[in-house]
Structures are given as C-alpha cells and as structure tokens.
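One structure is given below, encoded as structure tokens.
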Amino acid sequence: MKFSENWLREFVNPPVDRAELCQRLTMAGLEVEGVEPLGAGLDGVVVAEIVACETHPNADKLRVCKVSIGSGESLQIVCGAPNARPGLKTPLATIGARLPNGVEIGKAALRGVESSGMLCSAKELGIDTDASGLMELPADAPVGKPLAEYLGLPDATIELKLTPNRPDCLGLRGLADDVAALFGVAVNGPQAAAVPAVITTQRDVRLDAGADCPRYLGRVIEGIDATVKSPLWLAERLRRSGVRPISAVVDVTQYVMLELGQPMHAYDRDTLSGTISVRRAQSGESLKLLDGNDHKLDPECLVIVDEKRVLGLAGIMGGYDSRVSDTTRNIFLEAAHFAPSAIMGRARKFGLHTDASHRFERGVDAELSRVAIERATSLLIAIAGGKPGPVIEAVLLDYLPRRATVGLRRARLLRVLGMRVADTEVERILRALGMRVDTIADGWQVTPPSRRFDIEIEEDLIEEVVRVHGYERVPTRTPSGELRLGMRSEAEVAPARLRAQLAARGYREAICYSFVARELLQHWSLADTAVALANPLSADLGVMRTALLPGLVEALKHNLNRQQERVRLFETGLVFTQVDGELSQVSHLAAAACGRATPESWASDKRELDFFDVKADIETALALAGHRDDVGFRPLVAPHLHPGRSAEILLGDKAIGVVGGLHPRLLKALDLDRDVYVFEVDLAVASAGSVPRARALSRFPSLRRDLAIVVPAQVGYVAIESCVRAALGEQLAEVLVFDQYLGANLGSDVKSLAMGLILQDDSRTLTDEDADKCMARALAALERECQARLRG
C-alpha cells in the first residue's frame, strides 16, 4: 500500500521525523518497503503563467515564451516542451534555483536567444515520472506562489508491505489508529458527517446471496458534472498513493477507498433498470468489464445485477456498459460488505487483481459502508455538484461478522513476553487501537473493533501489546526451566532402525506427497474412506492418501520410466481415513520392488523378484522388534493384490498388514509392464516388541534328524511348523526346510516337504533313543493335525 506522508499527518501527526516514523512502523509489524521523497529542494521554483509564445528564430522545435511570475516585467524563457502555450500555468525555476536532479539554473543563451530561467516538467522537479512536457497546473493556480507551498511539498510516498491479517491498514484511517497508539497522540482528520437527502429519488436493493453479501448501501445523486476535473489536492494525493487520476467521480471513490479502506463503485444511473440485486451468477451469463474484456461467468461468481443484465463482478470490477462517462449526469453510488470467502480467488480466475479485490479478499470492516458513502457524497457534491437522494440500505443482520470478546490474563502476558507491562500501559495500548477493555480480577476482557478480523485468541492481544510497546524492549534472556527428554521405550524399535534395516536389504527411502488424486485411489479400490481437501494444490492432489502404496508405486513407475531396471523403494509416513465422519491418521511402513532379485553380477543368477523375496524383507524388519515366532501369514483376497501371490501379515492373531504382488488388472491400469511386489504394515504395531532377554547357551550337543512328509497341497508351512513345535516343545531348537517336491508320482493335490529338526536339551545330552521318540511324536502330530504321511 502506498500513501502520502502529508496525508497521513492530517489524521495523526506524531512529533517525529520521517525516518523515525518509518522505523517505528516497521518495528510494529507494518513493514515500510520503500520511501520516495517528493519535491525536496524546490526553493526558487514558483507558479508561472505563459503570457506569450513564439517560435524560436533559429530552431523550429524551440519556443520563446514570455512568462509572468506575478511581479515586475515578464521573463523571457526558451522552452522546447510541446505543450508550451499562452495561458498555461506551469512551474518556473528562477535564476539561482537548484533542482532536485542537481541542475543549477542560471542565465543562458539558447541558439542566440537569452533565457532567464527554466520551465519544468514534473520529472525535473522530482514530483512525478512524467517528462512528456511541462507540468500543467490548474488555471486558478496563484501566479508567483512558491510551488512547494502550493503543492503541499515537500512530501514522500511511503509504501507498506502489509501482511494479509492487517487489511484494516489498507486505509489511512485504520493506519492512523496504529500510529496514534505507537506515539501516544490523538487521531484527527476529516469526519464523514451525514449528508441530508435533497431529492426523494432512490433505487431498491435486494440481497440474494446470504452470507456472501450481508450489507449493501446505495444512493442516487442527480445532476452532477462528470466532466469537471478533480481538484489539485485530491489528484496529487491519489498520484502520490500510486493511483492515476481519471475523472472526478472515479477519483472520489478511489480517494475514499484509500482514506477509509472501503472500496466503492459508481454506476451511470440512467443505464440501470429496476431493483439492484446481489446474487450468484447463473451458468451462461457473461459480462464486459471496465477493462474492455468479455468474461464468461459461473455460479462461483458473485455479481451485481439489475432487472435486465449483470452490472459488475461484486468486489472486483464494474461492468463496461454501466460505467460513468463524460455524458453521465446521474449516478448510483455503491458501498457494500462482501465476505472474503465470496471474493477470494475470483479475481485471479479472470486474470485480474484490483484494489477492491485486494481489500475484500482480506476483509473490510462491515460497519464502514455507511461512513464511506456519506464521505463520498460530501466530496462529490463539493467537486462535481449534484443533488443526493436518501441512502438505501439492505442488510442481513444474522450474517454480519461479529467480534467476540477475548480474554487477556496478566500472568499469561508476563509468561509469554518475559517482562512485566504496566496495567495502565496495556489498557492504553488496547484502547488506542479501538478496543473496548473491561478490567477483571486476573486481567482484561477485550472486545476488538469491527475492523480487526485478526483478533481471535489471547496470543493475538499479547502481540498487539508487545508490537506497540516495542519488540526492542523485550529483554533477551537465556531460557530457564527443567527440560524433560523424551525417552523411547526399550521394547520399541525406533523407525530409524527399521529404515536402516530396509536400506541394508537394498531398498532406497522415498518421500511422497500425503496428497494424491482420487482417481489413483480408485484404481487401487482405496478411495471410499479418503479425506477430501478443501483447498487442494491441484486437481491431481485432491485427497489425502489412505495408504502409502499408491504414491510409492507411482514413484517406482517414475524410476522405471527413466531406465532403472531394478527398483526397490520404501517409505514411512501417515495415512488418513474418514469413517462415519471420524478422521484418523496412522503411521505405516510400506515398500515396493520389481526387477531382478539381486543386483546384476557375474556371481549371481538372473532370477526375477518374487513373493518370497519381499516376504523375507518384511520378516527381517519385524524381527528387529523380536517378532520371530509370532509372525504368520495367511492367504488374502484384496482388489489390488494378485489373488495367488498375496497374504495377510499376522502378529499372533492380529492382522497388521499385507504383502504380495499387484493385481494384473491394477498393473494394466497403472501402465506397468512387469510384476511389482509390495508390503504395507502398521508401523506402531510392527515396531512395538518386548525387551530382549538373555538366554544361556546349552552346554550339551545338538542332534539333527531329517523328516520327509507328504501333505495336502493346501496345507501351509506355517501350520506344519507350528504343529511340530507344539509336539516337541523346548527340545526343538530349530526347524529347517531344505526341499519341496511336486510331481505326478506323488499324486494330485499333494506336495512333499523335507525338514531338518535340530534337537537339543539344556540339562543333558540327548541320545538316539530320545531323538527317535521326538521324531515319532512329531510324525504323529503331523498325521493327526495336517493329514501328513511319511514319505517312502
């Protein structure tokens, strides 16, 4: 936001120079981004009038002017400006003047003609960037008056870099309150007294957009002169605030916006028809805006309409067909409150960014509309004449924003700032910022003004106190207090150990977005519980992930498409689900792999990765937490997994994840031309184990007995091992599977397994007789529970 320093000082004039003013504003959170001094060093520059103008006798592009400065004889000035003409009032730098650009004025002869001074452009005077010709002053400018005095110079254009939570400072009136609080001075400035209606003409207003527009004020003014130019003081304030003067009506609405922070708009009343309404646009409607471009509208757009057509984009820009022109004689002034949610992002959708949208997107005081329309009426009548009608207001009180009371505790203020601020100073600061303060036993109850959208919690009030009191006054102290270190349970495996284990198995860690496309989850049949984002980064990142695997496999595919033949990736992270309105987030561990089972080498085979490789990877990870004997697997049917190559991972009787190959249908949908094997487990469950316990090694030797059995094909090895362990108890130290055979000579639907049983006792040396008894018990249990028979 740009503004004139002199204009600000009309509202509040602290007894400090420009440098200190800017420094205090920056320290209070209103960062001064730039300062451009204007009109310094204009001693000797006065208002002059060209009384005669002739062509230079020796140069076609130069003119010899007779110039009056209000006293004595006219001065002869040689000038090359194209707009030099009799009757023009313009600045004259007299002999001895030194301009801001360093040029010192003295008598000179140009092409043989003497010149006693210099007629100046705005750029030469350091007032503006316009160097196209002489600076033209109003016809009523007093000849001979020092230019600095006439223009209210010196001055400076100050530019603030405001944060989005301070839209109240997008108007000088709101900024003045902060300056007054910083320096402990009073706020003055012009008051917007009510302008009584002179005529009865009015136009009805209807609100059909609910909370999007809870207040709209309008006023008819008849008989204005739209051709009149804005007075110099108003045009200069606009120019120094970065706004180009256009016409009296437009300039007044811009002036009020800069002064109060309330955007306004003026319509040519004679182009309107019937009642003015505020509603959402209808599909198929279009509007030609003031910039001359036609735009297609949709129901997301808030619009101003009459009974025949759309008049403007609410809070953004007015329409071309209802604009005020030089032929306009009657206008309809608009001052409304639009909710930030109704305006936010709409201007960017049309490639626009206007002063109005910038303010409404951040929030405009809902109580400012009437003040603004009265102030604009007063200025407009004084400048362009006209007769005002009554102010018509349409309001939906239930939708107007209300500022809730916020508590501020004295003890909390002390704890956060680390210093004590006197109660009287706290109350002074808050009241100077326009807040209502009620003292209670342990602090204050504070009600912020309607313009302060950013005051919602206690910390907001603490921020207000410290930024006005001065951040530089907060003492620098070493933090004190007892710090408790978080101790991880000895029974829990740190995620870093799990990651290191998988890295040792040849995996690389990936970090994927927590956001994915809903269509991707639908391919995986995992979209039913997805949490939709209210404001996604893009359409491809519209929902939170319900599993790690979809994003991880996309990363795997990305690598495959870049000539990586063997890809093994893993990730730890949160997954998000919503069931019956309840949101939950759980940490998972997942991995995806494809390609050869081992890196390419002369010493290794070229076998492709299979289910058992990935199963072994997750088993080694779970073993870190001591999960060895209690880990199991059972067949699983899942939409995204291969029906014959997938299993549910069990910890005891509890399912903690899945492992297997991707379903061929899913591979096709993802455009993958090779098998991909994956696993995903609940990280919290997988990493929770028991404290390791030392066990004495047996001092007695072990025995090995091999056992070859034939069992039904559907009987899994987990069931066979569990059966043997249950039958032999502690005397079974280890079970090894060293052969599996499938063949027609065994019969259909059966398989042969050969196992080595390692037998050992902690109290004695086992004999062959003990070993034979163990083998008999194991075989009997297998025959009974697994329908096994000894292979002949």
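All residue names refer to the structure tokens as shown: chains lettered A, B, ... in order, residues numbered from 1 in each chain, ligands numbered from 1 in order.
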Q | 12 Å contact set for Glu769 of chain A, only C-alpha atoms, chain neighbours under 6 positions out, as a count of residues only | A | 4
Q) What are the DSSP helix (DSSP H, G or I) residues of segment 714-786 of chain A, as a PyMOL selection string? A) chain A and resi 717-731+744-746+768-786
What does the file look like for those residues with C-alpha atoms, as a PDB file, in the first residue's frame?
ATOM      1  CA  TYR A 717       4.251 -74.431   6.015  1.00  0.00           C
ATOM      2  CA  VAL A 718       3.291 -72.174   8.932  1.00  0.00           C
ATOM      3  CA  ALA A 719       0.753 -74.762  10.081  1.00  0.00           C
ATOM      4  CA  ILE A 720       3.296 -77.582   9.703  1.00  0.00           C
ATOM      5  CA  GLU A 721       5.993 -75.756  11.694  1.00  0.00           C
ATOM      6  CA  SER A 722       3.546 -74.782  14.435  1.00  0.00           C
ATOM      7  CA  CYS A 723       2.411 -78.405  14.715  1.00  0.00           C
ATOM      8  CA  VAL A 724       6.000 -79.702  15.073  1.00  0.00           C
ATOM      9  CA  ARG A 725       6.958 -77.044  17.625  1.00  0.00           C
ATOM     10  CA  ALA A 726       3.877 -77.775  19.708  1.00  0.00           C
ATOM     11  CA  ALA A 727       4.650 -81.530  19.685  1.00  0.00           C
ATOM     12  CA  LEU A 728       8.337 -81.276  20.642  1.00  0.00           C
ATOM     13  CA  GLY A 729       8.313 -78.242  22.916  1.00  0.00           C
ATOM     14  CA  GLU A 730      11.617 -76.859  24.226  1.00  0.00           C
ATOM     15  CA  GLN A 731      13.640 -79.787  22.917  1.00  0.00           C
ATOM     16  CA  ALA A 744       2.846 -86.655 -10.700  1.00  0.00           C
ATOM     17  CA  ASN A 745       4.276 -89.699  -8.938  1.00  0.00           C
ATOM     18  CA  LEU A 746       3.137 -88.241  -5.587  1.00  0.00           C
ATOM     19  CA  ASP A 768      19.484 -91.592  19.746  1.00  0.00           C
ATOM     20  CA  GLU A 769      16.553 -93.094  21.626  1.00  0.00           C
ATOM     21  CA  ASP A 770      15.450 -89.599  22.691  1.00  0.00           C
ATOM     22  CA  ALA A 771      15.736 -88.439  19.129  1.00  0.00           C
ATOM     23  CA  ASP A 772      13.659 -91.371  17.846  1.00  0.00           C
ATOM     24  CA  LYS A 773      10.919 -90.591  20.372  1.00  0.00           C
ATOM     25  CA  CYS A 774      10.886 -86.965  19.283  1.00  0.00           C
ATOM     26  CA  MET A 775      10.564 -87.967  15.628  1.00  0.00           C
ATOM     27  CA  ALA A 776       7.708 -90.303  16.480  1.00  0.00           C
ATOM     28  CA  ARG A 777       5.830 -87.578  18.385  1.00  0.00           C
ATOM     29  CA  ALA A 778       6.340 -85.109  15.563  1.00  0.00           C
ATOM     30  CA  LEU A 779       5.121 -87.538  12.902  1.00  0.00           C
ATOM     31  CA  ALA A 780       2.074 -88.496  14.964  1.00  0.00           C
ATOM     32  CA  ALA A 781       1.131 -84.836  15.419  1.00  0.00           C
ATOM     33  CA  LEU A 782       1.565 -84.137  11.699  1.00  0.00           C
ATOM     34  CA  GLU A 783      -0.595 -87.139  10.759  1.00  0.00           C
ATOM     35  CA  ARG A 784      -3.273 -86.035  13.195  1.00  0.00           C
ATOM     36  CA  GLU A 785      -3.406 -82.274  12.524  1.00  0.00           C
ATOM     37  CA  CYS A 786      -2.055 -81.844   8.975  1.00  0.00           C
TER      38      CYS A 786
END
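Here atom CA of Lys308 of chain A is placed at a distance of 21.3 Å from atom CA of Arg329 of chain A.
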Q. Do you know which residues are at most 7 Å from segment 542-545 of chain A counting only C-alpha atoms, after dropping those on the same chain fewer than 2 positions away, and could you put them as a list in words?
A. Ser514, Phe515, Val516, Ala517, Arg518, Ala530, Val531, Ala532, Leu533, Pro536, Ser538, Ala539, Asp540, Ala547, Leu548, Val575 and Phe576 of chain A
Q: Would you list the contacts of Val579 of chain A as a PyMOL selection string, taking every protein, DNA or RNA residue within 12 Å and counting only C-alpha atoms, but skipping same-chain residues closer than 2 positions in sequence?
A: chain A and resi 527-531+546+576-577+581-585
Q | For segment 209-220 of chain A: contacts at 10 Å, only C-alpha atoms, fewer than 4 positions along chain excluded, given as a PyMOL selection string | A | chain A and resi 197+199-205+265-269+276-280+302-303+314-315+330-343+366-367+369-370+372-374+377+386-401
Q: Check the DSSP output for the backbone and give back, as an MDAnalysis selection string, the residues of segment 261-372 of chain A in strand (DSSP E or B).
A: chainID A and resid 265:268 276:280 286:289 294:296 302:305 310:313 317:319 330:337
Q) What lies within 8 Å of segment 120-137 of chain A using only C-alpha atoms, ignoring chain neighbours under 4 positions off, as a ChimeraX atom specification? A) /A:38-40,42,81-84,88-93,99-101,141
Mind dumping the selected residues with all heavy atoms as a CSV table (one decimal), in the first residue's frame?
chain,number,residue,atom,x,y,z
A,38,LEU,N,9.5,13.5,-2.2
A,38,LEU,CA,8.9,14.2,-3.3
A,38,LEU,C,9.1,15.7,-3.0
A,38,LEU,O,8.8,16.2,-1.9
A,38,LEU,CB,7.4,13.9,-3.4
A,38,LEU,CG,7.0,12.5,-3.7
A,38,LEU,CD1,5.5,12.3,-3.6
A,38,LEU,CD2,7.5,12.0,-5.1
A,39,GLY,N,9.6,16.4,-4.1
A,39,GLY,CA,9.6,17.9,-4.0
A,39,GLY,C,10.5,18.5,-3.1
A,39,GLY,O,10.3,19.7,-2.7
A,40,ALA,N,11.6,17.8,-2.7
A,40,ALA,CA,12.6,18.4,-1.8
A,40,ALA,C,13.5,19.3,-2.6
A,40,ALA,O,13.8,19.0,-3.8
A,40,ALA,CB,13.4,17.4,-1.1
A,42,LEU,N,13.0,22.6,-3.7
A,42,LEU,CA,12.3,23.4,-4.7
A,42,LEU,C,12.4,24.9,-4.4
A,42,LEU,O,11.5,25.7,-4.9
A,42,LEU,CB,10.9,23.0,-4.8
A,42,LEU,CG,10.7,21.5,-5.3
A,42,LEU,CD1,9.2,21.2,-5.5
A,42,LEU,CD2,11.3,21.3,-6.7
A,81,ALA,N,9.3,22.3,-24.8
A,81,ALA,CA,8.2,21.4,-24.5
A,81,ALA,C,7.1,21.6,-25.5
A,81,ALA,O,6.7,22.7,-25.9
A,81,ALA,CB,7.6,21.7,-23.1
A,82,PRO,N,6.5,20.5,-26.0
A,82,PRO,CA,5.4,20.6,-27.0
A,82,PRO,C,4.1,21.2,-26.5
A,82,PRO,O,3.3,21.7,-27.3
A,82,PRO,CB,5.2,19.1,-27.4
A,82,PRO,CG,5.7,18.3,-26.2
A,82,PRO,CD,6.8,19.1,-25.6
A,83,ASN,N,3.9,21.2,-25.2
A,83,ASN,CA,2.6,21.8,-24.7
A,83,ASN,C,2.8,23.2,-24.2
A,83,ASN,O,1.8,23.7,-23.5
A,83,ASN,CB,2.1,20.9,-23.5
A,83,ASN,CG,3.0,20.8,-22.3
A,83,ASN,OD1,4.2,21.0,-22.5
A,83,ASN,ND2,2.5,20.5,-21.2
A,84,ALA,N,3.9,23.9,-24.4
A,84,ALA,CA,4.0,25.3,-24.1
A,84,ALA,C,3.0,26.1,-24.9
A,84,ALA,O,3.1,26.0,-26.2
A,84,ALA,CB,5.5,25.7,-24.3
A,88,LEU,N,-1.0,28.9,-20.2
A,88,LEU,CA,-0.6,27.8,-19.4
A,88,LEU,C,0.1,28.2,-18.1
A,88,LEU,O,1.0,29.0,-18.2
A,88,LEU,CB,0.3,26.8,-20.2
A,88,LEU,CG,0.8,25.6,-19.4
A,88,LEU,CD1,-0.3,24.6,-19.1
A,88,LEU,CD2,1.9,24.9,-20.2
A,89,LYS,N,-0.4,27.6,-17.0
A,89,LYS,CA,0.3,27.8,-15.8
A,89,LYS,C,1.2,26.6,-15.5
A,89,LYS,O,0.7,25.5,-15.5
A,89,LYS,CB,-0.7,28.1,-14.6
A,89,LYS,CG,-1.4,29.5,-14.8
A,89,LYS,CD,-2.3,29.8,-13.6
A,89,LYS,CE,-2.9,31.2,-13.8
A,89,LYS,NZ,-3.8,31.6,-12.7
A,90,THR,N,2.4,26.9,-15.1
A,90,THR,CA,3.4,25.8,-15.0
A,90,THR,C,4.5,26.2,-14.1
A,90,THR,O,4.7,27.5,-13.8
A,90,THR,CB,4.0,25.5,-16.4
A,90,THR,OG1,4.8,24.3,-16.3
A,90,THR,CG2,4.7,26.6,-17.0
A,91,PRO,N,5.3,25.3,-13.5
A,91,PRO,CA,6.4,25.7,-12.6
A,91,PRO,C,7.5,26.4,-13.4
A,91,PRO,O,7.9,26.0,-14.5
A,91,PRO,CB,6.8,24.4,-12.0
A,91,PRO,CG,5.7,23.4,-12.2
A,91,PRO,CD,5.0,23.9,-13.5
A,92,LEU,N,8.1,27.4,-12.7
A,92,LEU,CA,9.3,28.1,-13.3
A,92,LEU,C,10.4,28.0,-12.3
A,92,LEU,O,10.2,28.5,-11.1
A,92,LEU,CB,8.9,29.5,-13.7
A,92,LEU,CG,10.1,30.4,-14.0
A,92,LEU,CD1,10.7,29.9,-15.4
A,92,LEU,CD2,9.8,31.9,-14.1
A,93,ALA,N,11.6,27.5,-12.7
A,93,ALA,CA,12.8,27.6,-11.9
A,93,ALA,C,13.5,28.9,-12.2
A,93,ALA,O,14.0,29.1,-13.3
A,93,ALA,CB,13.6,26.4,-12.1
A,99,LEU,N,17.7,22.4,-8.8
A,99,LEU,CA,16.7,21.4,-8.9
A,99,LEU,C,17.1,20.1,-8.2
A,99,LEU,O,18.3,19.9,-8.0
A,99,LEU,CB,16.4,21.2,-10.4
A,99,LEU,CG,15.8,22.3,-11.2
A,99,LEU,CD1,15.5,21.9,-12.6
A,99,LEU,CD2,14.6,23.0,-10.6
A,100,PRO,N,16.1,19.3,-7.9
A,100,PRO,CA,16.4,18.0,-7.2
A,100,PRO,C,17.4,17.1,-8.0
A,100,PRO,O,18.1,16.3,-7.4
A,100,PRO,CB,15.1,17.3,-7.1
A,100,PRO,CG,14.1,18.5,-7.0
A,100,PRO,CD,14.7,19.5,-8.0
A,101,ASN,N,17.4,17.3,-9.4
A,101,ASN,CA,18.3,16.5,-10.2
A,101,ASN,C,19.7,17.0,-10.2
A,101,ASN,O,20.6,16.5,-11.0
A,101,ASN,CB,17.8,16.3,-11.6
A,101,ASN,CG,17.5,17.6,-12.3
A,101,ASN,OD1,17.9,18.6,-11.9
A,101,ASN,ND2,16.9,17.5,-13.5
A,141,ALA,N,-4.3,28.4,-10.3
A,141,ALA,CA,-3.1,28.4,-9.5
A,141,ALA,C,-2.6,29.9,-9.4
A,141,ALA,O,-2.5,30.6,-10.3
A,141,ALA,CB,-2.0,27.6,-10.2
Q | Residues within 7 Å of segment 184-186 of chain A, only C-alpha atoms, excluding chain neighbours under 2 positions, as JSON, numbers by chain | A | {"A": [12, 14, 180, 181, 182, 188]}
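Atom pair atom CA of Ala510 of chain A / atom CA of Ala491 of chain A has a distance of 26.7 Å (rounded to one decimal).
Of the listed residues A:Gly312, A:Gly70, A:Gly34, A:Gly292, the one whose atoms come nearest to Ile50 of chain A is A:Gly70, with distances taken using only C-alpha atoms.
Here atom CA of Arg467 of chain A and atom CA of Leu25 of chain A stand 9.6 Å from one another.
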